[in-house]
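Listing of query_10.cif; format and content: mmCIF, C-alpha atoms.
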```
data_query
loop_
_atom_site.label_atom_id
_atom_site.label_comp_id
_atom_site.auth_asym_id
_atom_site.auth_seq_id
_atom_site.Cartn_x
_atom_site.Cartn_y
_atom_site.Cartn_z
CA MET A 1 51.62 121.60 90.20
CA ASP A 2 53.81 123.92 88.22
CA GLY A 3 55.56 123.34 84.88
CA ARG A 4 58.66 121.95 86.59
CA GLN A 5 56.69 119.38 88.57
CA LEU A 6 54.72 118.36 85.48
CA GLN A 7 57.99 117.85 83.67
CA ASP A 8 59.36 115.65 86.46
CA LEU A 9 56.20 113.59 86.40
CA ALA A 10 56.35 113.31 82.60
CA GLU A 11 59.89 111.95 82.87
CA ILE A 12 58.74 109.31 85.33
CA PHE A 13 55.92 108.31 82.98
CA THR A 14 58.27 108.19 80.00
CA ALA A 15 60.66 105.98 81.93
CA ALA A 16 57.77 103.61 82.61
CA HIS A 17 56.78 103.69 78.91
CA LEU A 18 53.53 105.44 79.65
CA ASN A 19 52.19 108.00 77.24
CA TRP A 20 50.80 110.95 79.16
CA GLN A 21 48.08 112.85 77.33
CA THR A 22 45.52 114.29 79.72
CA VAL A 23 45.71 116.17 82.99
CA ALA A 24 42.67 116.17 85.25
CA THR A 25 42.87 118.66 88.08
CA GLN A 26 40.90 120.79 90.50
CA ARG A 27 43.51 123.54 90.59
CA ARG A 28 43.57 126.33 88.06
CA GLN A 29 47.35 126.76 88.22
CA THR A 30 47.91 123.13 87.32
CA ALA A 31 45.44 123.38 84.45
CA ILE A 32 47.26 126.40 83.04
CA ALA A 33 50.68 124.78 83.38
CA ALA A 34 49.41 121.56 81.78
CA ALA A 35 47.75 123.32 78.85
CA THR A 36 50.88 125.38 78.27
CA ALA A 37 52.90 122.17 78.18
CA GLY A 38 50.52 120.85 75.51
CA TYR A 39 48.46 118.34 77.47
CA SER A 40 44.73 117.98 77.21
CA VAL A 41 43.16 119.43 80.31
CA VAL A 42 40.12 118.40 82.32
CA GLN A 43 39.43 120.81 85.12
CA GLY A 44 36.86 121.24 87.80
CA GLU A 45 34.81 118.12 87.18
CA LYS A 46 34.87 116.00 90.31
CA ALA A 47 34.22 112.37 89.51
CA GLY A 48 30.94 111.27 91.05
CA ALA A 49 29.82 114.73 92.12
CA SER A 50 26.22 115.40 91.11
CA ARG A 51 26.57 118.94 89.75
CA PRO A 52 29.45 120.87 91.22
CA PRO A 53 29.08 124.62 91.55
CA LYS A 54 30.49 126.43 88.50
CA PRO A 55 34.24 126.78 89.04
CA ALA A 56 36.18 129.98 88.49
CA PRO A 57 36.99 130.84 84.85
CA LEU A 58 39.98 129.19 83.25
CA TYR A 59 42.38 131.64 81.62
CA LEU A 60 44.83 130.12 79.14
CA LYS A 61 47.54 131.66 77.03
CA THR A 62 48.42 129.08 74.40
CA THR A 63 47.63 127.83 70.93
CA LEU A 64 45.58 124.65 70.88
CA ARG A 65 46.87 122.44 68.10
CA SER A 66 45.07 119.62 66.34
CA GLY A 67 44.31 116.77 68.72
CA SER A 68 44.37 118.73 71.97
CA GLU A 69 41.31 119.33 74.06
CA VAL A 70 40.54 121.68 76.92
CA ARG A 71 37.63 120.78 79.16
CA HIS A 72 36.54 123.01 82.01
CA GLY A 73 33.41 123.26 84.12
CA GLY A 74 33.24 127.05 84.08
CA ASP A 75 33.98 129.77 81.54
CA VAL A 76 37.07 129.44 79.36
CA ILE A 77 39.12 132.39 78.16
CA LEU A 78 41.80 131.43 75.68
CA VAL A 79 44.39 133.87 74.39
CA GLY A 80 45.71 132.21 71.22
CA ASP A 81 44.29 130.19 68.35
CA VAL A 82 42.18 127.07 68.39
CA ASN A 83 43.42 125.21 65.33
CA ARG A 84 41.36 122.78 63.30
CA GLY A 85 41.13 119.44 65.03
CA ALA A 86 41.34 120.99 68.52
CA GLU A 87 38.39 121.28 70.89
CA VAL A 88 37.30 123.53 73.73
CA ILE A 89 34.52 122.34 76.02
CA ALA A 90 33.21 124.64 78.76
CA GLY A 91 30.42 124.51 81.28
CA GLY A 92 29.93 128.24 80.71
CA ASP A 93 31.01 130.74 78.06
CA ILE A 94 33.99 130.49 75.74
CA VAL A 95 36.04 133.50 74.70
CA VAL A 96 38.82 132.98 72.16
CA TRP A 97 41.15 135.92 71.75
CA GLY A 98 42.42 134.62 68.42
CA LYS A 99 41.19 132.41 65.61
CA LEU A 100 38.63 129.77 66.46
CA GLN A 101 38.99 127.15 63.75
CA GLY A 102 38.47 123.94 65.70
CA SER A 103 35.31 123.06 67.54
CA ALA A 104 33.84 124.72 70.61
CA ARG A 105 31.17 123.60 73.01
CA ALA A 106 29.77 126.09 75.51
CA GLY A 107 27.27 125.29 78.27
CA CYS A 108 28.14 121.60 78.05
CA HIS A 109 25.90 120.81 81.03
CA GLY A 110 22.91 122.12 79.12
CA ASP A 111 23.14 125.86 79.67
CA GLY A 112 21.70 127.24 76.43
CA ALA A 113 22.32 130.82 77.54
CA SER A 114 26.07 130.39 77.14
CA THR A 115 27.92 132.16 74.34
CA ILE A 116 31.01 131.59 72.23
CA ALA A 117 33.00 134.65 71.22
CA ALA A 118 36.09 134.78 69.01
CA LEU A 119 38.21 137.40 67.28
CA HIS A 120 37.88 135.35 64.12
CA MET A 121 35.04 132.85 64.06
CA ALA A 122 35.85 130.05 61.63
CA ALA A 123 34.88 127.07 63.79
CA THR A 124 34.21 123.66 62.27
CA LEU A 125 31.54 122.93 64.83
CA LEU A 126 29.78 125.04 67.45
CA ARG A 127 27.68 123.61 70.23
CA ILE A 128 25.81 125.60 72.84
CA GLY A 129 23.74 123.68 75.40
CA ASP A 130 21.87 121.13 73.33
CA PHE A 131 22.13 123.09 70.10
CA VAL A 132 24.54 122.25 67.30
CA ALA A 133 25.67 124.39 64.39
CA ARG A 134 27.93 123.45 61.56
CA VAL A 135 29.81 126.27 59.91
CA GLU A 136 29.83 125.31 56.26
CA THR A 137 31.48 128.42 54.91
CA PRO A 138 33.17 130.65 57.46
CA SER A 139 32.34 134.29 56.83
CA GLY A 140 35.98 135.12 56.08
CA LYS A 141 35.41 138.37 57.95
CA TYR A 142 38.18 139.31 60.33
CA VAL A 143 35.83 140.87 62.83
CA PRO A 144 35.08 139.62 66.33
CA GLU A 145 31.87 137.63 66.38
CA VAL A 146 29.63 136.06 68.98
CA ALA A 147 27.62 132.85 68.70
CA TYR A 148 24.51 132.46 70.84
CA VAL A 149 21.20 130.65 70.83
CA ASP A 150 18.42 132.92 69.58
CA ARG A 151 15.71 131.50 71.81
CA ARG A 152 13.09 134.13 71.07
CA GLY A 153 13.44 133.94 67.30
CA SER A 154 14.71 131.04 65.25
CA GLY A 155 15.68 128.80 68.16
CA LYS A 156 18.99 128.16 66.46
CA ILE A 157 22.58 129.18 66.99
CA CYS A 158 23.21 132.62 65.47
CA ILE A 159 26.52 134.33 64.81
CA VAL A 160 26.64 138.13 64.88
CA ASP A 161 29.30 140.84 64.91
CA ALA A 162 30.45 141.38 68.46
CA ALA A 163 29.69 145.08 68.05
CA THR A 164 26.00 144.43 67.42
CA TYR A 165 25.59 141.63 69.94
CA LEU A 166 23.55 142.79 72.87
CA VAL A 167 23.91 141.15 76.26
CA PRO A 168 20.38 140.16 77.38
CA SER A 169 18.95 143.01 79.46
CA SER A 170 18.56 140.83 82.56
CA GLN A 171 22.32 140.37 82.64
CA LYS A 172 23.18 144.00 81.96
CA ALA A 173 24.63 145.98 84.79
CA GLN A 174 21.94 148.36 86.04
CA PRO A 175 23.13 151.94 86.40
CA THR A 176 22.47 153.17 89.90
CA MET B 1 77.90 121.15 70.74
CA SER B 2 76.31 118.36 68.79
CA ARG B 3 72.71 118.56 67.73
CA ILE B 4 70.11 115.80 67.86
CA VAL B 5 67.40 116.57 65.31
CA VAL B 6 64.35 114.45 64.52
CA VAL B 7 62.81 114.76 61.05
CA THR B 8 59.10 114.05 61.31
CA SER B 9 55.73 114.87 59.72
CA GLY B 10 52.80 112.82 60.99
CA LYS B 11 51.57 112.04 57.50
CA GLY B 12 53.45 109.55 55.35
CA GLY B 13 54.91 110.18 51.94
CA VAL B 14 55.63 113.88 52.37
CA GLY B 15 59.41 113.56 52.11
CA LYS B 16 60.85 112.84 55.56
CA THR B 17 63.38 110.31 54.34
CA THR B 18 64.30 112.29 51.21
CA SER B 19 64.84 115.36 53.38
CA THR B 20 66.90 113.44 55.94
CA ALA B 21 69.16 111.96 53.25
CA ASN B 22 69.70 115.25 51.44
CA LEU B 23 70.19 117.37 54.55
CA GLY B 24 72.60 114.80 55.97
CA MET B 25 74.64 114.75 52.79
CA ALA B 26 74.57 118.55 52.45
CA LEU B 27 75.70 119.05 56.06
CA ALA B 28 78.48 116.49 55.60
CA ARG B 29 79.65 118.41 52.52
CA LEU B 30 79.81 121.53 54.69
CA GLY B 31 82.40 119.68 56.73
CA ARG B 32 80.25 118.53 59.63
CA LYS B 33 80.31 114.98 60.95
CA VAL B 34 76.80 113.62 60.47
CA VAL B 35 75.10 110.38 61.41
CA LEU B 36 71.68 109.49 60.02
CA VAL B 37 69.57 107.20 62.20
CA ASP B 38 66.70 105.36 60.54
CA ALA B 39 64.00 105.02 63.19
CA ASP B 40 61.50 103.48 60.78
CA PHE B 41 61.84 99.92 62.09
CA GLY B 42 60.43 97.34 59.73
CA LEU B 43 60.06 99.78 56.83
CA ARG B 44 63.56 101.01 56.39
CA ASN B 45 64.21 103.20 53.36
CA LEU B 46 66.99 105.58 54.27
CA ASP B 47 69.73 103.14 53.18
CA LEU B 48 68.09 102.87 49.75
CA LEU B 49 68.02 106.62 49.21
CA LEU B 50 71.68 106.81 50.09
CA GLY B 51 72.57 103.82 47.92
CA LEU B 52 73.98 102.01 50.95
CA GLU B 53 71.61 99.04 51.11
CA SER B 54 74.19 96.42 50.21
CA ARG B 55 76.58 97.68 52.85
CA VAL B 56 74.24 97.37 55.82
CA VAL B 57 75.38 94.43 57.94
CA TYR B 58 74.28 95.39 61.44
CA THR B 59 71.37 97.55 62.54
CA SER B 60 70.60 99.70 65.56
CA LEU B 61 68.85 96.75 67.18
CA ASP B 62 72.05 94.68 66.99
CA VAL B 63 73.84 97.49 68.79
CA LEU B 64 71.19 97.66 71.51
CA ASN B 65 71.22 93.88 71.93
CA ARG B 66 75.01 94.04 72.19
CA GLU B 67 75.45 91.76 69.22
CA CYS B 68 77.91 94.17 67.66
CA LYS B 69 79.82 97.31 68.51
CA LEU B 70 78.46 100.70 67.54
CA ASP B 71 81.38 101.24 65.12
CA GLN B 72 80.54 98.03 63.30
CA ALA B 73 76.94 99.06 62.73
CA LEU B 74 77.77 102.52 61.39
CA VAL B 75 77.94 102.49 57.59
CA LYS B 76 80.32 105.11 56.30
CA ASP B 77 79.43 106.72 52.98
CA LYS B 78 82.19 106.17 50.41
CA ARG B 79 81.41 109.38 48.53
CA GLN B 80 81.34 111.48 51.68
CA PRO B 81 83.36 110.17 54.65
CA ASN B 82 81.75 112.70 57.00
CA LEU B 83 78.43 110.91 56.60
CA SER B 84 77.44 107.72 58.45
CA LEU B 85 74.24 105.73 58.57
CA LEU B 86 72.77 103.63 61.36
CA ALA B 87 70.18 101.44 59.66
CA ALA B 88 66.94 100.16 61.13
CA PRO B 89 66.19 96.44 61.34
CA GLN B 90 63.92 95.37 58.50
CA THR B 91 62.69 92.12 60.00
CA ARG B 92 61.32 93.58 63.21
CA ASN B 93 58.64 96.13 63.98
CA LYS B 94 58.34 99.33 65.98
CA THR B 95 57.94 97.57 69.33
CA ALA B 96 61.40 96.01 69.08
CA ILE B 97 62.91 99.02 70.84
CA THR B 98 62.02 101.26 73.78
CA ALA B 99 62.13 105.04 74.04
CA VAL B 100 64.70 104.75 76.82
CA ALA B 101 67.01 102.64 74.67
CA MET B 102 66.61 105.04 71.76
CA THR B 103 67.43 108.03 73.98
CA LYS B 104 70.59 106.28 75.14
CA LEU B 105 71.57 105.41 71.58
CA VAL B 106 71.30 108.92 70.16
CA GLU B 107 73.03 110.32 73.21
CA VAL B 108 76.04 108.04 72.67
CA LEU B 109 76.07 108.96 68.98
CA SER B 110 76.00 112.66 69.82
CA HIS B 111 79.42 112.31 71.45
CA HIS B 112 80.95 111.28 68.13
CA PHE B 113 79.10 113.47 65.62
CA HIS B 114 78.15 117.11 65.12
CA TYR B 115 74.69 116.15 63.89
CA VAL B 116 72.48 113.19 64.74
CA LEU B 117 69.54 113.24 62.28
CA VAL B 118 66.75 110.83 63.19
CA ASP B 119 64.39 109.83 60.38
CA SER B 120 61.03 109.26 62.05
CA PRO B 121 58.35 106.90 60.77
CA ALA B 122 54.93 108.25 59.80
CA GLY B 123 52.20 108.26 62.42
CA ILE B 124 52.16 109.24 66.08
CA GLU B 125 52.37 105.82 67.71
CA THR B 126 55.24 103.85 69.24
CA GLY B 127 57.62 104.34 66.32
CA PHE B 128 57.17 108.10 66.41
CA GLN B 129 57.45 108.21 70.19
CA ASN B 130 60.73 106.30 69.99
CA ALA B 131 62.08 108.52 67.20
CA ILE B 132 61.52 111.75 69.13
CA ALA B 133 62.68 110.29 72.46
CA GLY B 134 66.23 111.61 72.46
CA ALA B 135 65.76 114.59 70.16
CA LYS B 136 66.48 118.15 71.25
CA GLU B 137 65.06 119.81 68.15
CA ALA B 138 62.75 118.88 65.31
CA ILE B 139 62.31 119.51 61.62
CA ILE B 140 58.74 119.14 60.42
CA VAL B 141 58.27 118.21 56.78
CA THR B 142 54.93 118.97 55.21
CA THR B 143 53.46 119.36 51.74
CA PRO B 144 51.06 122.21 50.91
CA GLU B 145 48.02 119.96 51.36
CA ILE B 146 45.37 120.35 54.01
CA SER B 147 45.78 116.76 55.27
CA ALA B 148 49.56 116.99 55.62
CA VAL B 149 49.34 120.37 57.34
CA ARG B 150 46.71 119.11 59.78
CA ASP B 151 48.90 116.15 60.71
CA ALA B 152 51.91 118.44 61.06
CA ASP B 153 49.90 120.62 63.46
CA ARG B 154 49.08 117.58 65.57
CA VAL B 155 52.72 116.49 65.59
CA ILE B 156 53.92 119.97 66.62
CA GLY B 157 51.53 119.79 69.57
CA LEU B 158 52.92 116.38 70.55
CA LEU B 159 56.51 117.59 70.21
CA GLU B 160 55.75 120.58 72.41
CA SER B 161 54.28 118.31 75.07
CA HIS B 162 57.56 116.36 74.94
CA ARG B 163 59.37 119.63 75.63
CA ILE B 164 60.90 119.86 72.15
CA ARG B 165 60.55 123.60 71.60
CA ASP B 166 62.99 124.15 68.76
CA ILE B 167 60.76 123.24 65.82
CA LYS B 168 61.43 124.29 62.24
CA LEU B 169 59.46 123.69 59.07
CA ILE B 170 60.24 122.47 55.55
CA VAL B 171 57.47 122.90 52.99
CA ASN B 172 58.05 120.20 50.40
CA ARG B 173 56.76 119.65 46.85
CA LEU B 174 55.54 123.17 46.24
CA ARG B 175 54.34 124.00 42.74
CA PRO B 176 54.57 127.77 42.27
CA ALA B 177 52.35 127.78 39.18
CA MET B 178 49.55 126.05 41.10
CA VAL B 179 49.94 128.45 44.00
CA LYS B 180 49.67 131.32 41.55
CA SER B 181 46.43 130.01 40.11
CA ASN B 182 45.07 129.47 43.64
CA ASP B 183 44.98 125.70 43.25
CA MET B 184 47.53 125.03 45.97
CA MET B 185 48.11 126.35 49.49
CA SER B 186 50.89 128.92 49.56
CA VAL B 187 53.80 128.81 52.00
CA GLU B 188 52.17 131.74 53.78
CA ASP B 189 48.93 129.75 54.19
CA VAL B 190 50.87 126.87 55.74
CA LEU B 191 52.79 129.17 58.06
CA GLU B 192 49.61 130.88 59.19
CA ILE B 193 48.25 127.56 60.44
CA LEU B 194 51.43 126.11 61.92
CA SER B 195 53.15 129.31 63.10
CA VAL B 196 56.63 127.82 63.38
CA LYS B 197 59.91 129.04 61.90
CA LEU B 198 60.35 128.33 58.17
CA LEU B 199 63.58 126.52 57.34
CA GLY B 200 63.06 126.22 53.61
CA VAL B 201 60.80 125.46 50.68
CA ILE B 202 61.47 122.57 48.26
CA PRO B 203 59.87 122.79 44.83
CA ASP B 204 58.22 119.71 43.33
CA ASP B 205 60.96 118.11 41.25
CA GLU B 206 61.01 114.98 39.07
CA GLN B 207 64.69 114.61 39.84
CA VAL B 208 63.72 113.46 43.34
CA ILE B 209 62.31 110.23 41.91
CA VAL B 210 65.40 109.70 39.76
CA SER B 211 67.74 110.32 42.69
CA THR B 212 65.74 107.99 44.97
CA ASN B 213 65.92 105.15 42.45
CA ARG B 214 69.62 105.66 41.89
CA GLY B 215 70.48 106.04 45.56
CA GLU B 216 72.19 109.36 44.97
CA PRO B 217 70.95 112.31 47.01
CA LEU B 218 70.09 115.40 44.93
CA VAL B 219 72.77 117.50 46.58
CA LEU B 220 75.49 115.20 45.16
CA ALA B 221 74.73 116.21 41.57
CA GLU B 222 77.40 118.26 39.83
CA LYS B 223 74.81 120.84 38.91
CA PRO B 224 72.08 120.28 41.49
CA SER B 225 68.48 120.83 40.44
CA LEU B 226 66.45 123.56 42.12
CA ALA B 227 65.30 121.11 44.80
CA GLY B 228 68.91 120.09 45.41
CA ARG B 229 69.93 123.71 45.82
CA ALA B 230 67.03 124.26 48.21
CA TYR B 231 68.36 121.42 50.39
CA GLN B 232 71.87 122.88 50.28
CA ASN B 233 70.44 126.20 51.44
CA ILE B 234 68.55 124.54 54.28
CA ALA B 235 71.76 122.86 55.44
CA GLY B 236 73.41 126.28 55.43
CA ARG B 237 70.56 127.75 57.47
CA LEU B 238 70.85 124.92 60.00
CA GLU B 239 74.50 125.92 60.30
CA GLY B 240 73.38 129.43 61.17
CA GLN B 241 74.12 131.04 57.81
CA ASP B 242 71.77 133.76 56.64
CA ILE B 243 70.72 132.53 53.20
CA PRO B 244 67.84 134.21 51.37
CA PHE B 245 65.01 131.95 50.20
CA LEU B 246 65.16 130.83 46.57
CA ASP B 247 62.72 132.59 44.30
CA LEU B 248 61.13 129.47 42.91
CA ASP B 249 58.95 131.40 40.53
CA GLU B 250 61.81 133.34 39.01
CA ALA B 251 63.78 130.13 38.63
CA ASN B 252 60.85 128.76 36.73
CA ARG B 253 60.96 131.71 34.37
CA SER B 254 64.68 131.51 33.89
CA PHE B 255 64.31 127.81 33.13
CA LEU B 256 61.82 128.65 30.38
CA ALA B 257 64.15 131.34 29.17
CA ARG B 258 66.96 128.79 29.03
CA LEU B 259 64.74 126.32 27.22
CA TRP B 260 63.80 129.00 24.73
CA LYS B 261 67.44 129.77 24.15
CA THR B 262 68.37 126.17 23.39
CA LEU B 263 65.37 125.78 21.11
CA THR B 264 66.14 128.90 19.12
CA ALA B 265 69.85 128.07 18.95
CA LYS B 266 69.12 124.76 17.23
CA ARG B 267 67.26 126.39 14.40
#
```

Any chance you could put this one into structure tokens?
Amino acid sequence: MDGRQLQDLAEIFTAAHLNWQTVATQRRQTAIAAATAGYSVVQGEKAGASRPPKPAPLYLKTTLRSGSEVRHGGDVILVGDVNRGAEVIAGGDIVVWGKLQGSARAGCHGDGASTIAALHMAATLLRIGDFVARVETPSGKYVPEVAYVDRRGSGKICIVDAATYLVPSSQKAQPT
Amino acid sequence: MSRIVVVTSGKGGVGKTTSTANLGMALARLGRKVVLVDADFGLRNLDLLLGLESRVVYTSLDVLNRECKLDQALVKDKRQPNLSLLAAPQTRNKTAITAVAMTKLVEVLSHHFHYVLVDSPAGIETGFQNAIAGAKEAIIVTTPEISAVRDADRVIGLLESHRIRDIKLIVNRLRPAMVKSNDMMSVEDVLEILSVKLLGVIPDDEQVIVSTNRGEPLVLAEKPSLAGRAYQNIAGRLEGQDIPFLDLDEANRSFLARLWKTLTAKR
């Protein structure tokens, strides 16, 4: 569905005194239109399916305000801010091209190798796989940072400058 | 073209009703025909702030139930004939009306007035949904407190999902001295979070309490206080005038200077 169709549907719901809050869809286009219109979005999770293959990344250009939630089975790329009280939940990685002040959950199906990257990392709560990190005092640094699970060392979620974050060698593109 | 504007905030007690009353009165004084609609069913206050309580006979619910004509329910302000009030029923609650009925009501009103200002109740439930139903634009009122700003953010999100894109902000009850000493969020801090257009800043002012109790909006005063002037300026900005923001801090200093003058003159 596109924005126009969503709007038509919203009018029907309003006429029937129904309060529309969440859009669940398989299509990326619909998810983008719905998120832009301010709805919470659930994408790519088929009800009843055991473990669907990881869907294509979801690319969104919007600010998530308090109370809204984006849920997607694959990676999520969000151009805009995630305000406090908003939540992003992804089956894969999360990239926020803006301020991440709400909460983010990467690898929600248990993938501890997922990462959360943001231009300004000031999240209230970070979750990667089964790991949880509370950010008591955001660094206040306006540098891009990456959160990942340091499985070789501390076994906890670490946040480092994006410039010093190294993609694990197994995932690096091999020069030929 | 008439404008249907909802005044809302999410959090209670931040100054929605005070702002509605003062903006309505200020716009009416600029020569526009204004109707104020109290959408806070069951907790109506707007008539009190305008000093019109004793003149409310019919409410919006009576109009919708066809128990009276719209003209009969509109209370005209004696001081300012351009200003009318449509009161909310006090004996019913928010579920007494539907969003569809509310949309119809404000649409009919918009044919007779330049401005329809809807005073929304606090919260984001039925009452809020009804209040925003017919609105084409919104004024968000917030105070420089983290809780009020968070609720405002939530409300902006909800307004956007109802396709109300024209959203402007009033920051109410600012105390410049506290901002200076880093004890209060600054207007810039609030704007950074909410990223909507700033309509005006109202300083914290004891006169607001006095005016509420007397039922006389601040803007009616012969020499309006700083808050009253801020509301007049906001009304001008709504009318499209380019009015610079008041320097609240400087006003503070000039007030002290004035005080000093009177003190020294007495000696």

* Using all atoms listed in the file, find which residues of chain A lie within 7 Å of chain B and jot them down as a PyMOL selection string. => chain A and resi 15+37-39+65-67

Let's have the selection written as a compact mmCIF listing (two decimals), keeping the file's coordinate frame, with C-alpha atoms.
```txt
# COMPACT_ATOMS: atom_id res chain seq x y z
CA ALA A 15 60.66 105.98 81.93
CA ALA A 37 52.90 122.17 78.18
CA GLY A 38 50.52 120.85 75.51
CA TYR A 39 48.46 118.34 77.47
CA ARG A 65 46.87 122.44 68.10
CA SER A 66 45.07 119.62 66.34
CA GLY A 67 44.31 116.77 68.72
```

* Please write as a ChimeraX atom specification the list of polymer residues whose atoms come within 6 Å of (77.5, 101.8, 65.4), counting all atoms listed in the file and keeping to the coordinates of the file. => /B:69-74

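Within the file as shown, the PyMOL selection byres ((chain A and resi 129) around 10) identifies Gly91, Gly92, Arg105, Ala106, Gly107, Cys108, His109, Gly110, Asp111, Gly112, Ala113, Ser114, Thr115, Arg127, Ile128, Asp130, Phe131, Val132, Tyr148 and Val149 of chain A.
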
* For Thr137 in chain A: contacts at 12 Å, only C-alpha atoms, fewer than 3 positions along chain excluded, given as a count of residues only -> 10

Can you give me, as an mmCIF file with C-alpha atoms, in the coordinates of the input, the residues this file yields under the PyMOL selection byres ((chain A and resi 160) around 8)?
```cif
data_model
loop_
_atom_site.group_PDB
_atom_site.id
_atom_site.type_symbol
_atom_site.label_atom_id
_atom_site.label_comp_id
_atom_site.auth_asym_id
_atom_site.auth_seq_id
_atom_site.Cartn_x
_atom_site.Cartn_y
_atom_site.Cartn_z
ATOM 1 C CA GLU A 145 31.870 137.630 66.380
ATOM 2 C CA VAL A 146 29.630 136.060 68.980
ATOM 3 C CA ALA A 147 27.620 132.850 68.700
ATOM 4 C CA CYS A 158 23.210 132.620 65.470
ATOM 5 C CA ILE A 159 26.520 134.330 64.810
ATOM 6 C CA ASP A 161 29.300 140.840 64.910
ATOM 7 C CA ALA A 162 30.450 141.380 68.460
ATOM 8 C CA THR A 164 26.000 144.430 67.420
ATOM 9 C CA TYR A 165 25.590 141.630 69.940
#
```

* To do: Mind giving me the straight-line distance from CA of Phe113 in chain B to CA of Lys33 in chain B in Å, one decimal?
  => 5.1 Å

* Tell me, as a count of residues only, which residues lie within 12 Å of Lys76 in chain B, counting all atoms listed in the file; anything in the same chain fewer than 6 positions away does not count. => 20

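From CA of Val196 in chain B back to CA of Val6 in chain B, the distance works out to 15.5 Å.
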
* So what does the PyMOL selection byres ((chain A and resi 76) around 12) actually pick up in this one, as a count of residues only? -> 45

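For the residues A:Leu64, A:Val135, A:Ala16, A:Ile157, ranking by smallest atom-to-atom distance to Ala35 in chain A using only C-alpha atoms places A:Leu64 first.
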
Taking all atoms of range 72-76 of chain B that the file lists and extending 8 Å past them on each side, where is the centre of the axis-aligned box and how long are its edges? Answer in Å to one decimal, as AutoDock Vina command-line options.
```
--center_x 78.7 --center_y 101.6 --center_z 59.8 --size_x 19.6 --size_y 23.1 --size_z 23.0
```

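CA of Glu192 in chain B is found 10.7 Å from CA of Lys99 in chain A.
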
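Proximity of B:Ala131, B:Ile209, B:Val201, B:Ala96 to Leu174 in chain B, computed with only C-alpha atoms, is greatest for B:Val201.
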